[in-house]
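Listing of upload_35.json; format and content: JSON, C-alpha atoms.
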[["chain", "number", "residue", "atom", "x", "y", "z"],
["A", 1, "MET", "CA", 3.99, -14.10, 12.27],
["A", 2, "ALA", "CA", 7.62, -14.90, 12.92],
["A", 3, "PRO", "CA", 8.50, -13.56, 16.40],
["A", 4, "TRP", "CA", 11.57, -11.80, 15.05],
["A", 5, "LEU", "CA", 9.68, -9.87, 12.34],
["A", 6, "PRO", "CA", 8.80, -6.71, 14.36],
["A", 7, "TYR", "CA", 12.41, -6.45, 15.48],
["A", 8, "ALA", "CA", 13.66, -6.85, 11.92],
["A", 9, "LEU", "CA", 11.33, -4.07, 10.80],
["A", 10, "GLY", "CA", 12.51, -1.93, 13.71],
["A", 11, "ALA", "CA", 16.10, -2.47, 12.58],
["A", 12, "THR", "CA", 15.03, -1.55, 9.04],
["A", 13, "ALA", "CA", 13.47, 1.64, 10.40],
["A", 14, "CYS", "CA", 16.82, 2.43, 11.99],
["A", 15, "LEU", "CA", 18.46, 2.05, 8.58],
["A", 16, "SER", "CA", 15.74, 4.17, 6.95],
["A", 17, "THR", "CA", 16.40, 7.01, 9.39],
["A", 18, "TYR", "CA", 20.12, 6.87, 8.74],
["A", 19, "ILE", "CA", 19.66, 6.75, 4.97],
["A", 20, "GLY", "CA", 17.30, 9.72, 5.15],
["A", 21, "GLY", "CA", 20.00, 11.74, 6.87],
["A", 22, "ARG", "CA", 22.57, 10.79, 4.27],
["A", 23, "LEU", "CA", 20.18, 11.57, 1.41],
["A", 24, "ALA", "CA", 19.50, 14.98, 2.92],
["A", 25, "MET", "CA", 23.22, 15.71, 2.69],
["A", 26, "ARG", "CA", 23.41, 14.50, -0.90],
["A", 27, "PHE", "CA", 20.10, 15.65, -2.42],
["A", 28, "GLY", "CA", 19.11, 18.61, -0.27],
["A", 29, "GLN", "CA", 17.41, 20.42, -3.15],
["A", 30, "ARG", "CA", 14.80, 17.69, -3.75],
["A", 31, "ARG", "CA", 13.31, 17.47, -0.28],
["A", 32, "ASP", "CA", 9.97, 18.61, -1.73],
["A", 33, "ILE", "CA", 9.52, 15.17, -3.29],
["A", 34, "LEU", "CA", 10.73, 13.26, -0.21],
["A", 35, "PHE", "CA", 8.51, 15.19, 2.21],
["A", 36, "GLY", "CA", 5.56, 15.24, -0.20],
["A", 37, "LEU", "CA", 5.62, 11.49, -0.75],
["A", 38, "THR", "CA", 5.98, 10.59, 2.91],
["A", 39, "GLY", "CA", 3.36, 13.17, 3.91],
["A", 40, "GLY", "CA", 0.77, 11.56, 1.64],
["A", 41, "MET", "CA", 1.67, 8.11, 2.96],
["A", 42, "VAL", "CA", 1.32, 8.88, 6.66],
["A", 43, "ILE", "CA", -1.97, 10.76, 6.15],
["A", 44, "GLY", "CA", -3.26, 7.82, 4.14],
["A", 45, "LEU", "CA", -2.25, 5.41, 6.88],
["A", 46, "ALA", "CA", -4.02, 7.48, 9.56],
["A", 47, "LEU", "CA", -7.29, 8.01, 7.67],
["A", 48, "LEU", "CA", -7.57, 4.74, 5.74],
["A", 49, "ASP", "CA", -6.25, 2.17, 8.19],
["A", 50, "LEU", "CA", -5.47, 3.22, 11.77],
["A", 51, "LEU", "CA", -8.66, 5.19, 12.43],
["A", 52, "PRO", "CA", -10.99, 2.58, 10.84],
["A", 53, "GLU", "CA", -9.21, -0.19, 12.77],
["A", 54, "ALA", "CA", -9.61, 1.77, 16.02],
["A", 55, "LEU", "CA", -13.33, 2.25, 15.40],
["A", 56, "GLU", "CA", -13.83, -1.38, 14.41],
["A", 57, "HIS", "CA", -12.05, -2.90, 17.41],
["A", 58, "GLY", "CA", -12.87, -0.33, 20.07],
["A", 59, "GLY", "CA", -16.03, 1.42, 18.94],
["A", 60, "ALA", "CA", -18.35, -0.91, 20.84],
["A", 61, "ALA", "CA", -16.29, -1.00, 24.05],
["A", 62, "LYS", "CA", -15.01, 2.57, 24.17],
["A", 63, "GLY", "CA", -17.46, 4.44, 21.95],
["A", 64, "GLY", "CA", -16.79, 6.57, 18.89],
["A", 65, "GLU", "CA", -16.47, 9.72, 20.99],
["A", 66, "ALA", "CA", -13.60, 8.24, 22.99],
["A", 67, "ILE", "CA", -11.84, 7.18, 19.78],
["A", 68, "PHE", "CA", -12.04, 10.67, 18.26],
["A", 69, "LEU", "CA", -11.02, 12.34, 21.53],
["A", 70, "THR", "CA", -7.97, 10.10, 21.59],
["A", 71, "LEU", "CA", -7.29, 11.02, 17.96],
["A", 72, "ALA", "CA", -7.29, 14.69, 18.98],
["A", 73, "ALA", "CA", -5.05, 13.87, 21.95],
["A", 74, "GLY", "CA", -2.58, 12.22, 19.58],
["A", 75, "MET", "CA", -2.44, 15.34, 17.45],
["A", 76, "ALA", "CA", -1.95, 17.48, 20.56],
["A", 77, "LEU", "CA", 0.81, 15.20, 21.86],
["A", 78, "TYR", "CA", 2.80, 15.35, 18.64],
["A", 79, "LEU", "CA", 2.18, 19.10, 18.38],
["A", 80, "LEU", "CA", 3.70, 19.63, 21.83],
["A", 81, "LEU", "CA", 6.58, 17.32, 20.99],
["A", 82, "HIS", "CA", 7.39, 19.27, 17.84],
["A", 83, "ARG", "CA", 7.00, 22.61, 19.60],
["A", 84, "LEU", "CA", 9.87, 21.91, 21.95],
["A", 85, "PRO", "CA", 12.77, 24.30, 21.35],
["A", 86, "GLN", "CA", 14.12, 23.48, 17.91],
["A", 87, "ALA", "CA", 17.65, 24.68, 18.57],
["A", 88, "GLY", "CA", 20.38, 22.80, 20.38],
["A", 89, "SER", "CA", 19.87, 19.50, 22.15],
["A", 90, "ALA", "CA", 16.16, 19.93, 22.98],
["A", 91, "GLY", "CA", 15.04, 19.80, 19.36],
["A", 92, "ARG", "CA", 17.20, 16.77, 18.62],
["A", 93, "VAL", "CA", 15.93, 14.94, 21.70],
["A", 94, "SER", "CA", 12.34, 15.57, 20.56],
["A", 95, "LEU", "CA", 13.13, 13.90, 17.23],
["A", 96, "ILE", "CA", 14.59, 10.88, 19.02],
["A", 97, "LEU", "CA", 11.45, 10.58, 21.20],
["A", 98, "HIS", "CA", 9.30, 10.86, 18.10],
["A", 99, "SER", "CA", 11.24, 8.05, 16.38],
["A", 100, "MET", "CA", 10.91, 5.88, 19.49],
["A", 101, "MET", "CA", 7.12, 6.38, 19.41],
["A", 102, "ASP", "CA", 7.15, 5.26, 15.78],
["A", 103, "GLY", "CA", 8.81, 2.01, 16.81],
["A", 104, "LEU", "CA", 6.31, 1.63, 19.65],
["A", 105, "GLY", "CA", 3.53, 1.87, 17.08],
["A", 106, "ILE", "CA", 5.06, -0.99, 15.07],
["A", 107, "GLY", "CA", 5.41, -3.19, 18.13],
["A", 108, "LEU", "CA", 1.83, -2.62, 19.26],
["A", 109, "ALA", "CA", 0.27, -2.85, 15.78],
["A", 110, "PHE", "CA", 1.59, -6.39, 15.30],
["A", 111, "GLN", "CA", -0.39, -7.39, 18.37],
["A", 112, "LEU", "CA", -3.57, -6.50, 16.47],
["A", 113, "SER", "CA", -2.75, -8.22, 13.18],
["A", 114, "ASP", "CA", 0.12, -8.87, 10.80],
["A", 115, "ALA", "CA", -1.53, -6.67, 8.15],
["A", 116, "THR", "CA", -1.83, -3.66, 10.48],
["A", 117, "GLY", "CA", 1.72, -4.20, 11.68],
["A", 118, "TRP", "CA", 3.03, -4.19, 8.13],
["A", 119, "LEU", "CA", 1.07, -1.05, 7.21],
["A", 120, "VAL", "CA", 2.34, 0.87, 10.22],
["A", 121, "ALA", "CA", 5.86, -0.33, 9.45],
["A", 122, "VAL", "CA", 5.62, 0.86, 5.83],
["A", 123, "ALA", "CA", 4.55, 4.36, 6.91],
["A", 124, "VAL", "CA", 7.21, 4.50, 9.60],
["A", 125, "LEU", "CA", 9.92, 3.37, 7.20],
["A", 126, "ALA", "CA", 8.86, 6.08, 4.75],
["A", 127, "HIS", "CA", 8.69, 9.04, 7.10],
["A", 128, "ASP", "CA", 11.69, 7.97, 9.20],
["A", 129, "MET", "CA", 13.75, 8.98, 6.19],
["A", 130, "ALA", "CA", 12.35, 12.47, 6.67],
["A", 131, "ASP", "CA", 13.18, 12.27, 10.39],
["A", 132, "GLY", "CA", 16.78, 11.51, 9.51],
["A", 133, "ALA", "CA", 16.83, 14.51, 7.19],
["A", 134, "ASN", "CA", 15.38, 16.69, 9.95],
["A", 135, "MET", "CA", 18.03, 15.51, 12.41],
["A", 136, "VAL", "CA", 20.78, 16.44, 9.98],
["A", 137, "GLY", "CA", 19.18, 19.84, 9.44],
["A", 138, "LEU", "CA", 18.95, 20.58, 13.17],
["A", 139, "SER", "CA", 22.41, 19.26, 13.98],
["A", 140, "ALA", "CA", 24.05, 21.18, 11.16],
["A", 141, "LEU", "CA", 23.00, 24.44, 12.80],
["A", 142, "SER", "CA", 25.15, 24.03, 15.90],
["A", 143, "ALA", "CA", 27.04, 20.73, 15.94],
["A", 144, "GLN", "CA", 30.38, 19.59, 14.57],
["A", 145, "PRO", "CA", 30.26, 16.83, 11.93],
["A", 146, "ARG", "CA", 31.26, 14.10, 14.42],
["A", 147, "THR", "CA", 28.62, 15.23, 16.91],
["A", 148, "MET", "CA", 26.03, 15.49, 14.14],
["A", 149, "HIS", "CA", 26.75, 11.90, 13.16],
["A", 150, "ARG", "CA", 26.30, 10.75, 16.76],
["A", 151, "TRP", "CA", 22.89, 12.43, 16.96],
["A", 152, "LEU", "CA", 21.90, 10.78, 13.69],
["A", 153, "LEU", "CA", 22.94, 7.37, 15.02],
["A", 154, "GLY", "CA", 20.94, 7.97, 18.22],
["A", 155, "ASN", "CA", 17.88, 8.91, 16.20],
["A", 156, "ALA", "CA", 18.36, 5.85, 13.99],
["A", 157, "ALA", "CA", 18.49, 3.51, 17.02],
["A", 158, "ALA", "CA", 15.28, 4.89, 18.57],
["A", 159, "PRO", "CA", 12.72, 2.96, 16.44],
["A", 160, "LEU", "CA", 14.18, -0.40, 17.45],
["A", 161, "ALA", "CA", 14.00, 0.59, 21.12],
["A", 162, "GLY", "CA", 10.35, 1.50, 20.59],
["A", 163, "VAL", "CA", 9.61, -1.85, 18.92],
["A", 164, "MET", "CA", 11.16, -3.69, 21.86],
["A", 165, "LEU", "CA", 8.95, -1.74, 24.27],
["A", 166, "GLY", "CA", 5.84, -2.31, 22.14],
["A", 167, "GLN", "CA", 6.43, -6.06, 22.00],
["A", 168, "ALA", "CA", 7.01, -6.23, 25.76],
["A", 169, "LEU", "CA", 3.61, -4.64, 26.51],
["A", 170, "ARG", "CA", 0.50, -6.83, 26.43],
["A", 171, "ILE", "CA", -2.85, -5.08, 26.03],
["A", 172, "ASP", "CA", -6.37, -6.07, 24.95],
["A", 173, "PHE", "CA", -8.14, -4.96, 21.77],
["A", 174, "ALA", "CA", -10.13, -2.19, 23.48],
["A", 175, "GLN", "CA", -6.98, -0.61, 24.89],
["A", 176, "LEU", "CA", -5.17, -1.13, 21.59],
["A", 177, "SER", "CA", -7.94, 0.71, 19.75],
["A", 178, "LEU", "CA", -7.21, 3.84, 21.77],
["A", 179, "LEU", "CA", -3.50, 3.52, 21.03],
["A", 180, "LEU", "CA", -4.25, 3.15, 17.32],
["A", 181, "ALA", "CA", -6.36, 6.34, 17.49],
["A", 182, "LEU", "CA", -3.52, 8.06, 19.36],
["A", 183, "PHE", "CA", -1.02, 7.15, 16.65],
["A", 184, "ALA", "CA", -3.52, 8.08, 13.93],
["A", 185, "GLY", "CA", -3.71, 11.58, 15.42],
["A", 186, "GLY", "CA", 0.06, 11.74, 15.58],
["A", 187, "PHE", "CA", 0.45, 10.68, 11.96],
["A", 188, "LEU", "CA", -2.18, 13.20, 10.85],
["A", 189, "TYR", "CA", -0.24, 15.95, 12.59],
["A", 190, "ILE", "CA", 3.08, 14.79, 11.13],
["A", 191, "GLY", "CA", 1.69, 14.66, 7.62],
["A", 192, "ALA", "CA", -0.44, 17.80, 7.56],
["A", 193, "SER", "CA", 1.62, 20.11, 9.78],
["A", 194, "GLU", "CA", 5.19, 18.95, 9.30],
["A", 195, "LEU", "CA", 5.82, 16.99, 6.09],
["A", 196, "LEU", "CA", 3.48, 18.68, 3.59],
["A", 197, "PRO", "CA", 4.46, 22.25, 4.58],
["A", 198, "ARG", "CA", 8.14, 21.27, 4.31],
["A", 199, "SER", "CA", 7.42, 19.88, 0.86],
["A", 200, "ARG", "CA", 6.20, 23.32, -0.27],
["A", 201, "VAL", "CA", 9.09, 25.33, 1.18],
["A", 202, "GLY", "CA", 11.69, 26.38, -1.33],
["A", 203, "ALA", "CA", 10.20, 24.37, -4.20],
["A", 204, "SER", "CA", 8.43, 25.55, -7.33],
["A", 205, "GLY", "CA", 6.23, 23.49, -9.60],
["A", 206, "PRO", "CA", 3.83, 20.64, -8.95],
["A", 207, "ALA", "CA", 6.37, 17.91, -8.11],
["A", 208, "GLY", "CA", 5.77, 18.01, -4.37],
["A", 209, "GLY", "CA", 1.99, 17.94, -4.74],
["A", 210, "VAL", "CA", 2.14, 15.08, -7.24],
["A", 211, "ALA", "CA", 4.39, 13.18, -4.84],
["A", 212, "SER", "CA", 1.85, 13.71, -2.02],
["A", 213, "LEU", "CA", -1.00, 12.33, -4.15],
["A", 214, "LEU", "CA", 1.21, 9.43, -5.18],
["A", 215, "GLY", "CA", 1.99, 8.66, -1.55],
["A", 216, "LEU", "CA", -1.70, 8.76, -0.60],
["A", 217, "GLY", "CA", -2.65, 6.55, -3.54],
["A", 218, "LEU", "CA", 0.19, 4.15, -2.82],
["A", 219, "MET", "CA", -0.91, 3.72, 0.78],
["A", 220, "ALA", "CA", -4.53, 3.20, -0.33],
["A", 221, "CYS", "CA", -3.42, 0.43, -2.68],
["A", 222, "VAL", "CA", -1.27, -1.23, -0.02],
["A", 223, "ILE", "CA", -4.15, -1.12, 2.49],
["A", 224, "HIS", "CA", -6.55, -2.58, -0.08],
["A", 225, "LEU", "CA", -4.16, -5.42, -0.94],
["A", 226, "ALA", "CA", -3.44, -6.11, 2.73],
["A", 227, "GLY", "CA", -7.15, -6.26, 3.50]]

Full structure transcribed into structure tokens:
Amino acid sequence: MAPWLPYALGATACLSTYIGGRLAMRFGQRRDILFGLTGGMVIGLALLDLLPEALEHGGAAKGGEAIFLTLAAGMALYLLLHRLPQAGSAGRVSLILHSMMDGLGIGLAFQLSDATGWLVAVAVLAHDMADGANMVGLSALSAQPRTMHRWLLGNAAAPLAGVMLGQALRIDFAQLSLLLALFAGGFLYIGASELLPRSRVGASGPAGGVASLLGLGLMACVIHLAG
């Protein structure tokens, strides 16, 4: 792996977040497809790659029970993060912290293998577009356009900061397995409790559901090819 690759992907995640915000302004009526597709992708990543990798690399040292407890802790952590007040600065700060954790996941996953790093990066790039859209939605409630743009830029910069932190940390496979389980729980929460419900809101017809299945199938294919 080229040493600059995680940082390049972190910078791409920054761009993905920013583009997601701009798309939300331009195509606000088709968020069902955007959220449905990314919801299927992050759930697929959690169930088909991160959790199996955590069990494979940490099952013997930590035990399956510890892996699944960490998975539940990841869901709880993201639940608390998303239950911070969703008005004003607190909600926007929670989105920035969430995006930073996404970048941290990329930085740590590349320590396990290039394939896992790429898979995490693909899922992050996909749902960071939704994060950008969420930031625009929150900021539009109370902020002026210039302030809204500043919040969007801050959210866009967060994944790269997370990648830098993840690359600076050095951990063994057993510890990394718990972190993979933690992020798997977080991605399960994001997909099932945030993205898929948003895909259903205000949309009629099967487009959102088809997009979710497409995202799940796409991630399954990518994982199979990467393996």

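Distance annotation: of A:Ile43, A:Leu95, A:Leu81, A:Leu125, the residue with the minimal separation from Phe187 in chain A is A:Ile43; atom set is all atoms listed in the file.
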
Review point. Within 12 Å of Asn155 in chain A, counting only C-alpha atoms, which residues qualify if same-chain residues fewer than 5 places away don't, as a PyMOL selection string?
Key: chain A and resi 13-21+91-103+128-136+139+148-150+160-162

Open item on the list: Excluding Ala174 in chain A and its own-chain neighbours fewer than 6 positions away, which residues fall within 12 Å of it when counting all atoms listed in the file? Please give them as a PyMOL selection string.
Closed with: chain A and resi 53-64+66-67+112+180-181

Just C-alpha atoms for this one: save the residues we selected as a PDB file, in the coordinates of the input.
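Written output follows (out23.pdb):
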ATOM      1  CA  GLU A  53      -9.210  -0.190  12.770  1.00  0.00           C
ATOM      2  CA  ALA A  54      -9.610   1.770  16.020  1.00  0.00           C
ATOM      3  CA  LEU A  55     -13.330   2.250  15.400  1.00  0.00           C
ATOM      4  CA  GLU A  56     -13.830  -1.380  14.410  1.00  0.00           C
ATOM      5  CA  HIS A  57     -12.050  -2.900  17.410  1.00  0.00           C
ATOM      6  CA  GLY A  58     -12.870  -0.330  20.070  1.00  0.00           C
ATOM      7  CA  GLY A  59     -16.030   1.420  18.940  1.00  0.00           C
ATOM      8  CA  ALA A  60     -18.350  -0.910  20.840  1.00  0.00           C
ATOM      9  CA  ALA A  61     -16.290  -1.000  24.050  1.00  0.00           C
ATOM     10  CA  LYS A  62     -15.010   2.570  24.170  1.00  0.00           C
ATOM     11  CA  GLY A  63     -17.460   4.440  21.950  1.00  0.00           C
ATOM     12  CA  GLY A  64     -16.790   6.570  18.890  1.00  0.00           C
ATOM     13  CA  ALA A  66     -13.600   8.240  22.990  1.00  0.00           C
ATOM     14  CA  ILE A  67     -11.840   7.180  19.780  1.00  0.00           C
ATOM     15  CA  LEU A 112      -3.570  -6.500  16.470  1.00  0.00           C
ATOM     16  CA  LEU A 180      -4.250   3.150  17.320  1.00  0.00           C
ATOM     17  CA  ALA A 181      -6.360   6.340  17.490  1.00  0.00           C
TER      18      ALA A 181
END

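Distances to Ala220 in chain A were evaluated for A:Leu45, A:Gly36, A:Leu179, A:Leu165 using only C-alpha atoms, and the minimum falls at A:Leu45.
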
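Across A:Met164, A:Leu214, A:Ala184, A:Ala46, the tightest approach to Trp4 in chain A is made by A:Met164 when counting all atoms listed in the file.
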
- Query: Which value, in Å to one decimal, gives the distance between CA of Tyr189 in chain A and CA of Gly215 in chain A?
  - Reply: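 Distance reported for this atom pair: 16.1 Å.
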
From the list A:Ile223, A:Ala211, A:Ala156, A:Leu188, the nearest residue to Arg22 in chain A using all atoms listed in the file is A:Ala156

So the first atom is CA of Asp114 in chain A and the second is CA of Ala158 in chain A; what is the distance between them in Å, to one decimal place?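 Atom-to-atom, CA of Asp114 in chain A and CA of Ala158 in chain A are spaced 21.9 Å apart.
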
Margin query: Excluding Val210 in chain A and its own-chain neighbours fewer than 4 positions away, which residues fall within 12 Å of it when counting all atoms listed in the file? Please give them as a list of chain:residue names.
Written below: A:Asp32, A:Ile33, A:Leu34, A:Phe35, A:Gly36, A:Leu37, A:Thr38, A:Gly39, A:Gly40, A:Leu196, A:Ser199, A:Arg200, A:Gly205, A:Pro206, A:Leu214, A:Gly215, A:Leu216, A:Gly217, A:Leu218

For this session: Considering all atoms listed in the file, return as a ChimeraX atom specification whatever protein or nucleic-acid residues lie within 7 Å of Gln167 in chain A, sequence-local ones (same chain, fewer than 3 positions apart) excluded.
Result: /A:107-108,163-164

Students should find that CA of Tyr78 in chain A and CA of Ile190 in chain A are spaced 7.5 Å
